[in-house]
Structure formats: C-alpha cells, structure tokens
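Below is one structure, written out as structure tokens; the observations come after it.
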Amino acid sequence: MSLIKDKLLGKEKEREKYFDVSKDLYKKGIIKEDTFNELKDKYKFSKEYDDKRKDDYDIEI
C-alpha cells in the first residue's frame, strides 16, 4: 500500500494509473473500504495541490 500511496502523490500520469489500480483492488475486495478512502483522499489532495501550484506561475508577455 505504501507504494500506491507514494505514487498517488507523484506525477500526474502515474497518479492516474495508480488510482485506477487502487479502484480495481477495491472492486475485487483486495483492499478494504477504509483503505480505499484513504487512497482516494491522497489522490484528491495531490490533484488540488497540483492545481494550486499551476496557479502560482506568473506569465510575462
């Protein structure tokens, strides 16, 4: 699980892939609901953090 958690905080391309993996694990009953919810929270946090970082750029013309 720590690998998936780390990847959910990584680059956008990896994050999407590993979140899909975590959804599959949950649907197949391999991980419990509370573990999946924790992974989902990390995924959401990471996406929000990326969006905030993109807003911080100043563009000069």
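Starting from 1 in every chain, residues are counted up; chains themselves are A, B, ... following the order of the structure tokens, and ligands are numbered from 1 as listed.
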Could you list, as a short mmCIF file (atom, residue, chain, number, x, y, z; two decimals) with C-alpha atoms, in the first residue's frame, every residue within 12 Å of Asp6 of chain A, counting only C-alpha atoms and ignoring same-chain residues fewer than 6 positions away?
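Saved result, result.cif, follows:
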data_model
loop_
_atom_site.label_atom_id
_atom_site.label_comp_id
_atom_site.auth_asym_id
_atom_site.auth_seq_id
_atom_site.Cartn_x
_atom_site.Cartn_y
_atom_site.Cartn_z
CA GLU A 14 1.49 7.95 -12.59
CA ARG A 15 -1.12 9.23 -10.16
CA TYR A 18 -2.22 4.06 -9.64
CA PHE A 19 -5.60 5.46 -8.65
CA LEU A 39 -6.05 6.41 -1.02
CA LYS A 42 -4.45 11.29 -1.01
CA TYR A 43 -5.37 11.34 -4.71
CA SER A 46 -2.45 15.64 -4.74
#
Would you mind writing down, as a ChimeraX atom specification, each residue of chain A that DSSP on the backbone assigns to helix (DSSP H, G or I)?
/A:2-8,12-27,33-55
Dump N, CA and C atoms for the selected residues as a short mmCIF file (atom, residue, chain, number, x, y, z; two decimals), in the first residue's frame?
data_model
loop_
_atom_site.label_atom_id
_atom_site.label_comp_id
_atom_site.auth_asym_id
_atom_site.auth_seq_id
_atom_site.Cartn_x
_atom_site.Cartn_y
_atom_site.Cartn_z
N SER A 2 2.01 1.19 0.62
CA SER A 2 2.85 2.39 0.66
C SER A 2 3.32 2.80 -0.73
N LEU A 3 3.55 1.82 -1.60
CA LEU A 3 3.93 2.14 -2.98
C LEU A 3 2.81 2.92 -3.67
N ILE A 4 1.59 2.44 -3.52
CA ILE A 4 0.45 3.12 -4.16
C ILE A 4 0.28 4.52 -3.56
N LYS A 5 0.41 4.64 -2.24
CA LYS A 5 0.29 5.95 -1.61
C LYS A 5 1.34 6.91 -2.14
N ASP A 6 2.56 6.44 -2.26
CA ASP A 6 3.63 7.28 -2.79
C ASP A 6 3.35 7.71 -4.23
N LYS A 7 2.87 6.80 -5.04
CA LYS A 7 2.60 7.10 -6.45
C LYS A 7 1.43 8.07 -6.59
N LEU A 8 0.48 8.03 -5.66
CA LEU A 8 -0.66 8.96 -5.71
C LEU A 8 -0.22 10.39 -5.44
N GLU A 12 1.40 13.45 -12.37
CA GLU A 12 0.00 13.30 -12.76
C GLU A 12 -0.25 12.00 -13.52
N LYS A 13 0.60 11.65 -14.46
CA LYS A 13 0.41 10.46 -15.27
C LYS A 13 0.43 9.20 -14.40
N GLU A 14 1.41 9.10 -13.50
CA GLU A 14 1.49 7.95 -12.59
C GLU A 14 0.32 7.94 -11.63
N ARG A 15 -0.04 9.12 -11.13
CA ARG A 15 -1.12 9.23 -10.16
C ARG A 15 -2.42 8.65 -10.72
N GLU A 16 -2.74 8.99 -11.95
CA GLU A 16 -3.97 8.50 -12.57
C GLU A 16 -3.94 6.97 -12.70
N LYS A 17 -2.81 6.44 -13.11
CA LYS A 17 -2.67 5.00 -13.30
C LYS A 17 -2.83 4.26 -11.97
N TYR A 18 -2.16 4.74 -10.93
CA TYR A 18 -2.22 4.06 -9.64
C TYR A 18 -3.56 4.24 -8.95
N PHE A 19 -4.26 5.34 -9.21
CA PHE A 19 -5.60 5.46 -8.65
C PHE A 19 -6.53 4.45 -9.30
N ASP A 20 -6.36 4.24 -10.60
CA ASP A 20 -7.14 3.20 -11.28
C ASP A 20 -6.84 1.82 -10.71
N VAL A 21 -5.58 1.56 -10.40
CA VAL A 21 -5.19 0.28 -9.79
C VAL A 21 -5.86 0.14 -8.42
N SER A 22 -5.86 1.21 -7.63
CA SER A 22 -6.49 1.12 -6.31
C SER A 22 -8.00 0.89 -6.42
N LYS A 23 -8.64 1.49 -7.43
CA LYS A 23 -10.07 1.23 -7.64
C LYS A 23 -10.32 -0.23 -7.98
N ASP A 24 -9.47 -0.79 -8.83
CA ASP A 24 -9.60 -2.21 -9.18
C ASP A 24 -9.41 -3.11 -7.97
N LEU A 25 -8.42 -2.80 -7.14
CA LEU A 25 -8.19 -3.59 -5.93
C LEU A 25 -9.39 -3.53 -4.99
N TYR A 26 -9.99 -2.37 -4.89
CA TYR A 26 -11.16 -2.22 -4.03
C TYR A 26 -12.36 -2.99 -4.59
N LYS A 27 -12.59 -2.88 -5.89
CA LYS A 27 -13.72 -3.58 -6.52
C LYS A 27 -13.60 -5.09 -6.40
N GLU A 33 -12.64 -0.87 2.41
CA GLU A 33 -13.20 0.44 2.07
C GLU A 33 -12.43 1.58 2.74
N ASP A 34 -12.06 1.41 4.00
CA ASP A 34 -11.35 2.50 4.68
C ASP A 34 -9.97 2.75 4.07
N THR A 35 -9.31 1.70 3.61
CA THR A 35 -8.03 1.86 2.91
C THR A 35 -8.23 2.57 1.58
N PHE A 36 -9.27 2.19 0.85
CA PHE A 36 -9.56 2.84 -0.42
C PHE A 36 -9.89 4.31 -0.20
N ASN A 37 -10.66 4.62 0.84
CA ASN A 37 -11.00 6.01 1.12
C ASN A 37 -9.75 6.83 1.45
N GLU A 38 -8.81 6.22 2.16
CA GLU A 38 -7.55 6.90 2.45
C GLU A 38 -6.77 7.19 1.17
N LEU A 39 -6.73 6.22 0.27
CA LEU A 39 -6.05 6.41 -1.02
C LEU A 39 -6.75 7.49 -1.85
N LYS A 40 -8.07 7.47 -1.82
CA LYS A 40 -8.84 8.47 -2.57
C LYS A 40 -8.57 9.88 -2.03
N ASP A 41 -8.46 10.01 -0.71
CA ASP A 41 -8.16 11.31 -0.11
C ASP A 41 -6.78 11.81 -0.54
N LYS A 42 -5.80 10.92 -0.57
CA LYS A 42 -4.45 11.29 -1.01
C LYS A 42 -4.47 11.73 -2.48
N TYR A 43 -5.23 11.01 -3.29
CA TYR A 43 -5.37 11.34 -4.71
C TYR A 43 -5.97 12.74 -4.88
N LYS A 44 -7.05 13.01 -4.15
CA LYS A 44 -7.70 14.32 -4.25
C LYS A 44 -6.76 15.44 -3.78
N PHE A 45 -6.07 15.19 -2.66
CA PHE A 45 -5.14 16.18 -2.12
C PHE A 45 -4.05 16.49 -3.15
N SER A 46 -3.52 15.47 -3.77
CA SER A 46 -2.45 15.64 -4.74
C SER A 46 -2.93 16.43 -5.96
N LYS A 47 -4.13 16.15 -6.43
CA LYS A 47 -4.69 16.90 -7.57
C LYS A 47 -4.89 18.36 -7.21
N GLU A 48 -5.42 18.63 -6.01
CA GLU A 48 -5.65 20.00 -5.59
C GLU A 48 -4.32 20.75 -5.44
N TYR A 49 -3.32 20.07 -4.92
CA TYR A 49 -2.01 20.69 -4.74
C TYR A 49 -1.41 21.05 -6.10
N ASP A 50 -1.55 20.15 -7.07
CA ASP A 50 -1.06 20.44 -8.42
C ASP A 50 -1.75 21.66 -9.00
N ASP A 51 -3.07 21.75 -8.84
CA ASP A 51 -3.82 22.88 -9.37
C ASP A 51 -3.37 24.19 -8.74
N LYS A 52 -3.09 24.17 -7.43
CA LYS A 52 -2.65 25.39 -6.76
C LYS A 52 -1.26 25.79 -7.23
N ARG A 53 -0.40 24.82 -7.46
CA ARG A 53 0.95 25.13 -7.94
C ARG A 53 0.90 25.74 -9.32
N LYS A 54 -0.02 25.28 -10.17
CA LYS A 54 -0.13 25.83 -11.52
C LYS A 54 -0.60 27.28 -11.49
N ASP A 55 -1.42 27.62 -10.51
CA ASP A 55 -1.93 28.97 -10.39
C ASP A 55 -0.87 29.96 -9.92
#
